[in-house]
$ cat entry22.pdb   # PDB, C-alpha atoms
MODEL        1
ATOM      1  CA  TYR U  12     -11.366  -6.946  -9.177  1.00  0.00           C
ATOM      2  CA  LEU U  13     -12.640  -5.253 -12.306  1.00  0.00           C
ATOM      3  CA  LYS U  14     -10.535  -2.845 -14.321  1.00  0.00           C
ATOM      4  CA  ILE U  15     -12.772  -0.607 -16.367  1.00  0.00           C
ATOM      5  CA  SER U  16     -10.780   1.188 -19.064  1.00  0.00           C
ATOM      6  CA  PHE U  17     -12.463   3.886 -21.091  1.00  0.00           C
ATOM      7  CA  ALA U  18     -11.753   6.513 -23.713  1.00  0.00           C
ATOM      8  CA  LYS U  19     -11.997  10.197 -22.942  1.00  0.00           C
ATOM      9  CA  HIS U  20     -15.257  10.708 -24.862  1.00  0.00           C
ATOM     10  CA  GLU U  21     -17.042   7.991 -22.840  1.00  0.00           C
ATOM     11  CA  TRP U  22     -15.917   8.769 -19.299  1.00  0.00           C
ATOM     12  CA  HIS U  23     -19.342   9.840 -17.992  1.00  0.00           C
ATOM     13  CA  GLU U  24     -21.011   6.606 -19.083  1.00  0.00           C
ATOM     14  CA  ALA U  25     -18.027   4.541 -17.975  1.00  0.00           C
ATOM     15  CA  LEU U  26     -18.123   5.975 -14.471  1.00  0.00           C
ATOM     16  CA  GLU U  27     -21.832   5.100 -14.255  1.00  0.00           C
ATOM     17  CA  PHE U  28     -20.802   1.511 -15.059  1.00  0.00           C
ATOM     18  CA  VAL U  29     -18.002   1.701 -12.461  1.00  0.00           C
ATOM     19  CA  ASP U  30     -20.553   2.844  -9.895  1.00  0.00           C
ATOM     20  CA  SER U  31     -22.984   0.037 -10.715  1.00  0.00           C
ATOM     21  CA  ALA U  32     -20.218  -2.589 -10.564  1.00  0.00           C
ATOM     22  CA  LYS U  33     -19.060  -1.228  -7.214  1.00  0.00           C
ATOM     23  CA  LYS U  34     -22.621  -1.396  -5.876  1.00  0.00           C
ATOM     24  CA  LYS U  35     -22.656  -5.102  -6.842  1.00  0.00           C
ATOM     25  CA  GLY U  36     -19.665  -5.667  -4.573  1.00  0.00           C
ATOM     26  CA  TYR U  37     -16.766  -5.578  -7.016  1.00  0.00           C
ATOM     27  CA  LYS U  38     -13.515  -3.812  -6.224  1.00  0.00           C
ATOM     28  CA  VAL U  39     -13.318  -1.604  -9.283  1.00  0.00           C
ATOM     29  CA  PHE U  40     -10.442   0.226 -10.922  1.00  0.00           C
ATOM     30  CA  ALA U  41     -11.440   3.287 -12.960  1.00  0.00           C
ATOM     31  CA  ASN U  42      -8.846   3.510 -15.754  1.00  0.00           C
ATOM     32  CA  PRO U  43      -9.271   6.559 -17.980  1.00  0.00           C
ATOM     33  CA  MET U  44      -7.099   5.842 -21.018  1.00  0.00           C
ATOM     34  CA  ASP U  45      -4.533   8.305 -22.340  1.00  0.00           C
ATOM     35  CA  ALA U  46      -4.103  10.294 -19.121  1.00  0.00           C
ATOM     36  CA  PRO U  47      -1.958  13.013 -20.769  1.00  0.00           C
ATOM     37  CA  SER U  48      -4.849  13.942 -23.087  1.00  0.00           C
ATOM     38  CA  TYR U  49      -6.969  15.322 -20.219  1.00  0.00           C
ATOM     39  CA  SER U  50      -6.680  18.970 -19.293  1.00  0.00           C
ATOM     40  CA  PHE U  51      -6.298  19.975 -15.652  1.00  0.00           C
ATOM     41  CA  GLU U  52      -9.953  21.071 -15.610  1.00  0.00           C
ATOM     42  CA  GLU U  53     -11.234  17.857 -17.238  1.00  0.00           C
ATOM     43  CA  ARG U  54      -9.284  15.761 -14.765  1.00  0.00           C
ATOM     44  CA  LYS U  55     -10.589  17.867 -11.863  1.00  0.00           C
ATOM     45  CA  GLU U  56     -14.180  17.279 -12.980  1.00  0.00           C
ATOM     46  CA  MET U  57     -13.596  13.539 -13.287  1.00  0.00           C
ATOM     47  CA  ILE U  58     -11.942  13.333  -9.859  1.00  0.00           C
ATOM     48  CA  GLY U  59     -15.018  15.016  -8.375  1.00  0.00           C
ATOM     49  CA  VAL U  60     -17.191  12.221  -9.768  1.00  0.00           C
ATOM     50  CA  ILE U  61     -14.657   9.601  -8.674  1.00  0.00           C
ATOM     51  CA  ASN U  62     -14.770  10.962  -5.112  1.00  0.00           C
ATOM     52  CA  ASN U  63     -18.547  10.384  -5.095  1.00  0.00           C
ATOM     53  CA  ILE U  64     -18.337   6.878  -6.578  1.00  0.00           C
ATOM     54  CA  LYS U  65     -15.293   5.812  -4.539  1.00  0.00           C
ATOM     55  CA  PRO U  66     -13.861   3.030  -6.708  1.00  0.00           C
ATOM     56  CA  PHE U  67     -11.075   0.916  -5.236  1.00  0.00           C
ATOM     57  CA  CYS U  68      -8.500   2.633  -7.449  1.00  0.00           C
ATOM     58  CA  PHE U  69      -8.277   5.530  -9.887  1.00  0.00           C
ATOM     59  CA  SER U  70      -5.470   4.984 -12.386  1.00  0.00           C
ATOM     60  CA  ILE U  71      -3.115   7.030 -14.492  1.00  0.00           C
ATOM     61  CA  VAL U  72      -3.058   5.188 -17.815  1.00  0.00           C
ATOM     62  CA  ASP U  73      -0.354   5.857 -20.389  1.00  0.00           C
ATOM     63  CA  THR U  74      -2.172   4.112 -23.226  1.00  0.00           C
ATOM     64  CA  PHE U  75       0.240   5.056 -25.988  1.00  0.00           C
ATOM     65  CA  GLY U  76       3.459   5.031 -23.994  1.00  0.00           C
ATOM     66  CA  SER U  77       3.865   8.749 -24.654  1.00  0.00           C
ATOM     67  CA  MET U  78       4.139  10.025 -21.094  1.00  0.00           C
ATOM     68  CA  TYR U  79       7.341  11.595 -19.819  1.00  0.00           C
ATOM     69  CA  LEU U  80       8.312  11.784 -16.149  1.00  0.00           C
ATOM     70  CA  LYS U  81       7.245  15.445 -15.930  1.00  0.00           C
ATOM     71  CA  ASP U  82       3.792  14.450 -17.219  1.00  0.00           C
ATOM     72  CA  LEU U  83       3.428  11.730 -14.590  1.00  0.00           C
ATOM     73  CA  ILE U  84       4.555  14.057 -11.815  1.00  0.00           C
ATOM     74  CA  SER U  85       2.063  16.741 -12.832  1.00  0.00           C
ATOM     75  CA  ILE U  86      -0.831  14.287 -13.146  1.00  0.00           C
ATOM     76  CA  PHE U  87       0.050  12.451  -9.921  1.00  0.00           C
ATOM     77  CA  GLU U  88       0.321  15.700  -7.940  1.00  0.00           C
ATOM     78  CA  GLN U  89      -3.108  16.842  -9.133  1.00  0.00           C
ATOM     79  CA  ILE U  90      -4.765  13.515  -8.416  1.00  0.00           C
ATOM     80  CA  ASP U  91      -3.039  13.179  -5.047  1.00  0.00           C
ATOM     81  CA  SER U  92      -4.224  16.643  -3.985  1.00  0.00           C
ATOM     82  CA  GLU U  93      -7.835  16.183  -5.134  1.00  0.00           C
ATOM     83  CA  LEU U  94      -8.602  12.468  -4.749  1.00  0.00           C
ATOM     84  CA  ASP U  95      -9.970  11.296  -1.403  1.00  0.00           C
ATOM     85  CA  ARG U  96      -7.135   9.954   0.768  1.00  0.00           C
ATOM     86  CA  ASP U  97      -8.781   6.549   1.176  1.00  0.00           C
ATOM     87  CA  ARG U  98      -8.614   5.864  -2.588  1.00  0.00           C
ATOM     88  CA  ARG U  99      -5.608   4.340  -4.297  1.00  0.00           C
ATOM     89  CA  ILE U 100      -3.892   5.820  -7.325  1.00  0.00           C
ATOM     90  CA  GLY U 101      -2.848   3.340  -9.986  1.00  0.00           C
ATOM     91  CA  LEU U 102      -0.366   3.452 -12.827  1.00  0.00           C
ATOM     92  CA  HIS U 103      -0.584   1.483 -16.056  1.00  0.00           C
ATOM     93  CA  SER U 104       2.133   2.405 -18.524  1.00  0.00           C
ATOM     94  CA  HIS U 105       3.353   1.210 -21.901  1.00  0.00           C
ATOM     95  CA  ASN U 106       7.024   1.178 -22.775  1.00  0.00           C
ATOM     96  CA  ASN U 107       7.055   2.953 -26.155  1.00  0.00           C
ATOM     97  CA  LEU U 108       9.522   5.570 -24.906  1.00  0.00           C
ATOM     98  CA  GLY U 109      11.430   3.054 -22.775  1.00  0.00           C
ATOM     99  CA  LEU U 110      10.160   4.815 -19.647  1.00  0.00           C
ATOM    100  CA  SER U 111       7.718   2.334 -18.081  1.00  0.00           C
ATOM    101  CA  ASN U 112      10.045   1.334 -15.268  1.00  0.00           C
ATOM    102  CA  ALA U 113      11.184   4.918 -14.703  1.00  0.00           C
ATOM    103  CA  LEU U 114       7.551   6.033 -14.527  1.00  0.00           C
ATOM    104  CA  ALA U 115       6.794   3.279 -12.010  1.00  0.00           C
ATOM    105  CA  GLU U 116       9.815   4.161  -9.871  1.00  0.00           C
ATOM    106  CA  THR U 117       8.892   7.850  -9.949  1.00  0.00           C
ATOM    107  CA  MET U 118       5.318   7.037  -8.937  1.00  0.00           C
ATOM    108  CA  ILE U 119       6.555   4.861  -6.074  1.00  0.00           C
ATOM    109  CA  ASP U 120       8.846   7.622  -4.812  1.00  0.00           C
ATOM    110  CA  PHE U 121       6.193  10.351  -5.034  1.00  0.00           C
ATOM    111  CA  ALA U 122       3.606   8.131  -3.350  1.00  0.00           C
ATOM    112  CA  ALA U 123       6.022   7.362  -0.512  1.00  0.00           C
ATOM    113  CA  ARG U 124       6.583  11.081   0.085  1.00  0.00           C
ATOM    114  CA  ALA U 125       2.833  11.766  -0.142  1.00  0.00           C
ATOM    115  CA  ASN U 126       1.988   8.779   2.085  1.00  0.00           C
ATOM    116  CA  ARG U 127      -0.444   7.613  -0.600  1.00  0.00           C
ATOM    117  CA  ASP U 128      -1.432   4.008  -1.351  1.00  0.00           C
ATOM    118  CA  ILE U 129      -0.745   3.142  -4.977  1.00  0.00           C
ATOM    119  CA  ILE U 130      -0.956   0.209  -7.334  1.00  0.00           C
ATOM    120  CA  VAL U 131       1.584  -0.105 -10.140  1.00  0.00           C
ATOM    121  CA  ASP U 132       0.830  -2.496 -12.986  1.00  0.00           C
ATOM    122  CA  ALA U 133       3.771  -4.552 -14.193  1.00  0.00           C
ATOM    123  CA  SER U 134       4.311  -7.862 -15.934  1.00  0.00           C
ATOM    124  CA  LEU U 135       7.101 -10.399 -15.954  1.00  0.00           C
ATOM    125  CA  TYR U 136       9.730  -9.539 -18.547  1.00  0.00           C
ATOM    126  CA  GLY U 137       7.658  -6.455 -19.432  1.00  0.00           C
ATOM    127  CA  MET U 138       5.249  -8.607 -21.418  1.00  0.00           C
ATOM    128  CA  GLY U 139       2.453  -6.558 -22.938  1.00  0.00           C
ATOM    129  CA  ARG U 140       0.873  -5.127 -26.057  1.00  0.00           C
ATOM    130  CA  GLY U 141       3.189  -3.372 -28.479  1.00  0.00           C
ATOM    131  CA  ALA U 142       6.270  -2.068 -26.722  1.00  0.00           C
ATOM    132  CA  GLY U 143       5.332  -3.883 -23.523  1.00  0.00           C
ATOM    133  CA  ASN U 144       4.855  -2.683 -19.976  1.00  0.00           C
ATOM    134  CA  ALA U 145       6.876  -2.105 -16.813  1.00  0.00           C
ATOM    135  CA  ALA U 146       8.833  -5.221 -15.829  1.00  0.00           C
ATOM    136  CA  THR U 147       7.819  -6.822 -12.523  1.00  0.00           C
ATOM    137  CA  GLU U 148      11.349  -8.037 -11.832  1.00  0.00           C
ATOM    138  CA  VAL U 149      12.785  -4.520 -12.248  1.00  0.00           C
ATOM    139  CA  ILE U 150      10.141  -2.964  -9.997  1.00  0.00           C
ATOM    140  CA  ALA U 151      10.613  -5.706  -7.382  1.00  0.00           C
ATOM    141  CA  SER U 152      14.361  -5.131  -7.397  1.00  0.00           C
ATOM    142  CA  TYR U 153      13.814  -1.370  -6.996  1.00  0.00           C
ATOM    143  CA  LEU U 154      11.477  -1.946  -4.046  1.00  0.00           C
ATOM    144  CA  ASN U 155      13.965  -4.355  -2.454  1.00  0.00           C
ATOM    145  CA  GLU U 156      16.845  -1.912  -2.835  1.00  0.00           C
ATOM    146  CA  ASN U 157      15.036   1.279  -1.873  1.00  0.00           C
ATOM    147  CA  TYR U 158      12.090   0.373   0.349  1.00  0.00           C
ATOM    148  CA  GLY U 159      13.194  -2.679   2.309  1.00  0.00           C
ATOM    149  CA  SER U 160      10.920  -5.088   0.438  1.00  0.00           C
ATOM    150  CA  SER U 161      11.907  -8.717   0.181  1.00  0.00           C
ATOM    151  CA  TYR U 162      10.593  -9.897  -3.162  1.00  0.00           C
ATOM    152  CA  GLY U 163      12.153 -13.189  -4.240  1.00  0.00           C
ATOM    153  CA  LEU U 164      13.885 -12.172  -7.445  1.00  0.00           C
ATOM    154  CA  ASP U 165      15.143 -15.709  -8.088  1.00  0.00           C
ATOM    155  CA  PHE U 166      11.542 -16.924  -8.246  1.00  0.00           C
ATOM    156  CA  LEU U 167      10.649 -14.171 -10.687  1.00  0.00           C
ATOM    157  CA  PHE U 168      13.630 -14.931 -12.916  1.00  0.00           C
ATOM    158  CA  ASP U 169      12.821 -18.658 -12.827  1.00  0.00           C
ATOM    159  CA  ALA U 170       9.240 -17.917 -13.883  1.00  0.00           C
ATOM    160  CA  ILE U 171      10.535 -15.741 -16.714  1.00  0.00           C
ATOM    161  CA  ASP U 172      12.953 -18.446 -17.883  1.00  0.00           C
ATOM    162  CA  ASP U 173      10.411 -21.252 -17.620  1.00  0.00           C
ATOM    163  CA  TYR U 174       7.222 -19.598 -18.817  1.00  0.00           C
ATOM    164  CA  VAL U 175       7.515 -16.079 -20.195  1.00  0.00           C
ATOM    165  CA  ALA U 176      10.701 -16.090 -22.294  1.00  0.00           C
ATOM    166  CA  PRO U 177       9.447 -19.030 -24.408  1.00  0.00           C
ATOM    167  CA  LEU U 178       6.299 -17.031 -25.204  1.00  0.00           C
ATOM    168  CA  LYS U 179       8.359 -14.215 -26.675  1.00  0.00           C
ATOM    169  CA  THR U 180       9.177 -16.427 -29.642  1.00  0.00           C
ATOM    170  CA  LYS U 181       5.455 -16.651 -30.438  1.00  0.00           C
ATOM    171  CA  ALA U 182       4.036 -13.327 -29.284  1.00  0.00           C
ATOM    172  CA  LEU U 183       6.501 -10.494 -29.671  1.00  0.00           C
ATOM    173  CA  TRP U 184       6.512  -7.404 -27.506  1.00  0.00           C
ATOM    174  CA  GLY U 185       9.055  -4.675 -26.954  1.00  0.00           C
ATOM    175  CA  TYR U 186      11.143  -2.951 -29.585  1.00  0.00           C
TER     176      TYR U 186
ENDMDL
END
$ encode --input "entry22.pdb" --output "C-alpha cells"
Amino acid sequence: YLKISFAKHEWHEALEFVDSAKKKGYKVFANPMDAPSYSFEERKEMIGVINNIKPFCFSIVDTFGSMYLKDLISIFEQIDSELDRDRRIGLHSHNNLGLSNALAETMIDFAARANRDIIVDASLYGMGRGAGNAATEVIASYLNENYGSSYGLDFLFDAIDDYVAPLKTKALWGY
C-alpha cells in the first residue's frame, strides 16, 4: 500500500502520481491534506478525477486536528454521494480538539448506514505527531460494543504496556 498525501495546491500533480503508482500495481490511498479547506466545488472536481483513477482509497484527512463532527459529516456525505461505490473512503485525523475518536466513531456509524467500505487510521495509545491520532484500542472497543466485532482488547493493552507506553517518555504526543 502507498499513502500519497498532498497539499491543496498540488492535488493535480499528486493525482497523476497516484495514477502512475496504481498502474504499477500498488494499492494507493489518495490523501488530500486539510480536508476542511476544500470547497464543495473543489472537492467535487477532485472526486471526478479520483473516479477516473480509481485508487484503492480516497481519504478525509484532518491534518491540523481542526475538524468538528459537523465538518466530517458534511464532507463524508458529499464524498459518499459522488465517489464510485467500489472505492473506499478513509479517515486520518489528528487529536488537537480531542475529537479523533469521536470523528472515527461518527465515520463508522455513517458508513454503516450508507453501506460504504471505509478505512479509519488509528494507532495504539493514540500515538502520533503533535496531539496524536485516534486510539486503536478505543476504536476496537467501540466496534466490539456496537458492531459485534471481536477485537482482543487485552492484546492491544498488553502491546501498549510493553511497547508503546515506554516510548511516550522519549517521544511525546498528546496534550
$ residues_near_point --input "entry22.pdb" --point "(3.7, -4.0, -22.0)" --cutoff "12 Å" --atoms "only C-alpha atoms" --output "JSON, numbers by chain"
{"U": [73, 74, 75, 76, 103, 104, 105, 106, 107, 108, 109, 110, 111, 112, 132, 133, 134, 135, 136, 137, 138, 139, 140, 141, 142, 143, 144, 145, 146, 147, 182, 183, 184, 185, 186]}
$ closest_residue --input "entry22.pdb" --among "U:Gly159, U:Pro43, U:Ser152, U:Ile90" --to "U:Glu24" --atoms "all atoms listed in the file"
U:Pro43
$ residues_around --input "entry22.pdb" --residues "U:Ala115" --least-positions-apart "2" --cutoff "8 Å" --atoms "only C-alpha atoms" --output "mmCIF file with C-alpha atoms, in the coordinates of the input"
data_model
loop_
_atom_site.group_PDB
_atom_site.id
_atom_site.type_symbol
_atom_site.label_atom_id
_atom_site.label_comp_id
_atom_site.auth_asym_id
_atom_site.auth_seq_id
_atom_site.Cartn_x
_atom_site.Cartn_y
_atom_site.Cartn_z
ATOM 1 C CA LEU U 102 -0.366 3.452 -12.827
ATOM 2 C CA SER U 111 7.718 2.334 -18.081
ATOM 3 C CA ASN U 112 10.045 1.334 -15.268
ATOM 4 C CA ALA U 113 11.184 4.918 -14.703
ATOM 5 C CA THR U 117 8.892 7.850 -9.949
ATOM 6 C CA MET U 118 5.318 7.037 -8.937
ATOM 7 C CA ILE U 119 6.555 4.861 -6.074
ATOM 8 C CA VAL U 131 1.584 -0.105 -10.140
ATOM 9 C CA ALA U 145 6.876 -2.105 -16.813
ATOM 10 C CA ILE U 150 10.141 -2.964 -9.997
#
$ atom_distance --input "entry22.pdb" --atom1 "atom CA of U:Asp173" --atom2 "atom CA of U:Asn157"
27.9 Å
$ atom_distance --input "entry22.pdb" --atom1 "atom CA of U:Phe69" --atom2 "atom CA of U:Ala122"
13.8 Å
$ residues_around --input "entry22.pdb" --residues "U:Asp30" --least-positions-apart "4" --cutoff "10 Å" --atoms "only C-alpha atoms" --output "PyMOL selection string"
chain U and resi 24-26+34-35+37+39+41+60-61+63-66
$ atom_distance --input "entry22.pdb" --atom1 "atom CA of U:Asp95" --atom2 "atom CA of U:Glu52"
17.2 Å
$ residues_around --input "entry22.pdb" --residues "U:Ala46" --least-positions-apart "2" --cutoff "6 Å" --atoms "only C-alpha atoms" --output "number ranges by chain"
U: 44, 48-49, 71-73
$ write_last_selection --input "entry22.pdb" --atoms "C-alpha atoms" --output "PDB file, in the coordinates of the input"
ATOM      1  CA  MET U  44      -7.099   5.842 -21.018  1.00  0.00           C
ATOM      2  CA  SER U  48      -4.849  13.942 -23.087  1.00  0.00           C
ATOM      3  CA  TYR U  49      -6.969  15.322 -20.219  1.00  0.00           C
ATOM      4  CA  ILE U  71      -3.115   7.030 -14.492  1.00  0.00           C
ATOM      5  CA  VAL U  72      -3.058   5.188 -17.815  1.00  0.00           C
ATOM      6  CA  ASP U  73      -0.354   5.857 -20.389  1.00  0.00           C
TER       7      ASP U  73
END
$ resolve_selection --input "entry22.pdb" --expression "the PyMOL selection byres ((chain U and resi 97) around 9)" --output "list of chain:residue names"
U:Lys65, U:Phe67, U:Leu94, U:Asp95, U:Arg96, U:Arg98, U:Arg99, U:Arg127, U:Asp128
$ write_last_selection --input "entry22.pdb" --atoms "C-alpha atoms" --output "mmCIF file, in the frame of the given file"
data_model
loop_
_atom_site.group_PDB
_atom_site.id
_atom_site.type_symbol
_atom_site.label_atom_id
_atom_site.label_comp_id
_atom_site.auth_asym_id
_atom_site.auth_seq_id
_atom_site.Cartn_x
_atom_site.Cartn_y
_atom_site.Cartn_z
ATOM 1 C CA LYS U 65 -15.293 5.812 -4.539
ATOM 2 C CA PHE U 67 -11.075 0.916 -5.236
ATOM 3 C CA LEU U 94 -8.602 12.468 -4.749
ATOM 4 C CA ASP U 95 -9.970 11.296 -1.403
ATOM 5 C CA ARG U 96 -7.135 9.954 0.768
ATOM 6 C CA ARG U 98 -8.614 5.864 -2.588
ATOM 7 C CA ARG U 99 -5.608 4.340 -4.297
ATOM 8 C CA ARG U 127 -0.444 7.613 -0.600
ATOM 9 C CA ASP U 128 -1.432 4.008 -1.351
#
$ decode --input "entry22.pdb" --residues "stretch 59-73 of chain U" --atoms "N, CA and C atoms" --output "PDB file, in the first residue's frame"
ATOM      1  N   GLY U  59     -14.200  13.759  -9.193  1.00  0.00           N
ATOM      2  CA  GLY U  59     -14.324  13.373 -10.596  1.00  0.00           C
ATOM      3  C   GLY U  59     -13.040  12.743 -11.124  1.00  0.00           C
ATOM      4  N   VAL U  60     -11.908  13.338 -10.786  1.00  0.00           N
ATOM      5  CA  VAL U  60     -10.615  12.784 -11.203  1.00  0.00           C
ATOM      6  C   VAL U  60     -10.368  11.456 -10.490  1.00  0.00           C
ATOM      7  N   ILE U  61     -10.674  11.408  -9.215  1.00  0.00           N
ATOM      8  CA  ILE U  61     -10.497  10.177  -8.435  1.00  0.00           C
ATOM      9  C   ILE U  61     -11.308   9.036  -9.052  1.00  0.00           C
ATOM     10  N   ASN U  62     -12.531   9.319  -9.478  1.00  0.00           N
ATOM     11  CA  ASN U  62     -13.365   8.278 -10.083  1.00  0.00           C
ATOM     12  C   ASN U  62     -12.762   7.736 -11.370  1.00  0.00           C
ATOM     13  N   ASN U  63     -11.973   8.541 -12.077  1.00  0.00           N
ATOM     14  CA  ASN U  63     -11.281   8.061 -13.278  1.00  0.00           C
ATOM     15  C   ASN U  63     -10.047   7.237 -12.924  1.00  0.00           C
ATOM     16  N   ILE U  64      -9.319   7.675 -11.895  1.00  0.00           N
ATOM     17  CA  ILE U  64      -8.083   6.993 -11.498  1.00  0.00           C
ATOM     18  C   ILE U  64      -8.378   5.706 -10.735  1.00  0.00           C
ATOM     19  N   LYS U  65      -9.388   5.742  -9.882  1.00  0.00           N
ATOM     20  CA  LYS U  65      -9.809   4.611  -9.068  1.00  0.00           C
ATOM     21  C   LYS U  65      -8.723   4.105  -8.107  1.00  0.00           C
ATOM     22  N   PRO U  66      -8.220   4.975  -7.228  1.00  0.00           N
ATOM     23  CA  PRO U  66      -7.290   4.478  -6.216  1.00  0.00           C
ATOM     24  C   PRO U  66      -8.024   3.555  -5.250  1.00  0.00           C
ATOM     25  N   PHE U  67      -7.276   2.809  -4.481  1.00  0.00           N
ATOM     26  CA  PHE U  67      -7.849   1.886  -3.501  1.00  0.00           C
ATOM     27  C   PHE U  67      -8.728   2.628  -2.503  1.00  0.00           C
ATOM     28  N   CYS U  68      -8.274   3.821  -2.088  1.00  0.00           N
ATOM     29  CA  CYS U  68      -8.995   4.574  -1.065  1.00  0.00           C
ATOM     30  C   CYS U  68      -8.797   6.073  -1.277  1.00  0.00           C
ATOM     31  N   PHE U  69      -9.844   6.820  -1.020  1.00  0.00           N
ATOM     32  CA  PHE U  69      -9.800   8.280  -1.041  1.00  0.00           C
ATOM     33  C   PHE U  69     -10.103   8.730   0.383  1.00  0.00           C
ATOM     34  N   SER U  70      -9.189   9.469   0.992  1.00  0.00           N
ATOM     35  CA  SER U  70      -9.294   9.754   2.422  1.00  0.00           C
ATOM     36  C   SER U  70      -9.694  11.183   2.741  1.00  0.00           C
ATOM     37  N   ILE U  71     -10.357  11.297   3.880  1.00  0.00           N
ATOM     38  CA  ILE U  71     -10.633  12.575   4.524  1.00  0.00           C
ATOM     39  C   ILE U  71      -9.510  12.759   5.530  1.00  0.00           C
ATOM     40  N   VAL U  72      -8.702  13.790   5.348  1.00  0.00           N
ATOM     41  CA  VAL U  72      -7.531  13.988   6.203  1.00  0.00           C
ATOM     42  C   VAL U  72      -7.700  15.289   6.985  1.00  0.00           C
ATOM     43  N   ASP U  73      -7.686  15.144   8.298  1.00  0.00           N
ATOM     44  CA  ASP U  73      -7.796  16.290   9.206  1.00  0.00           C
ATOM     45  C   ASP U  73      -6.388  16.645   9.694  1.00  0.00           C
TER      46      ASP U  73
END
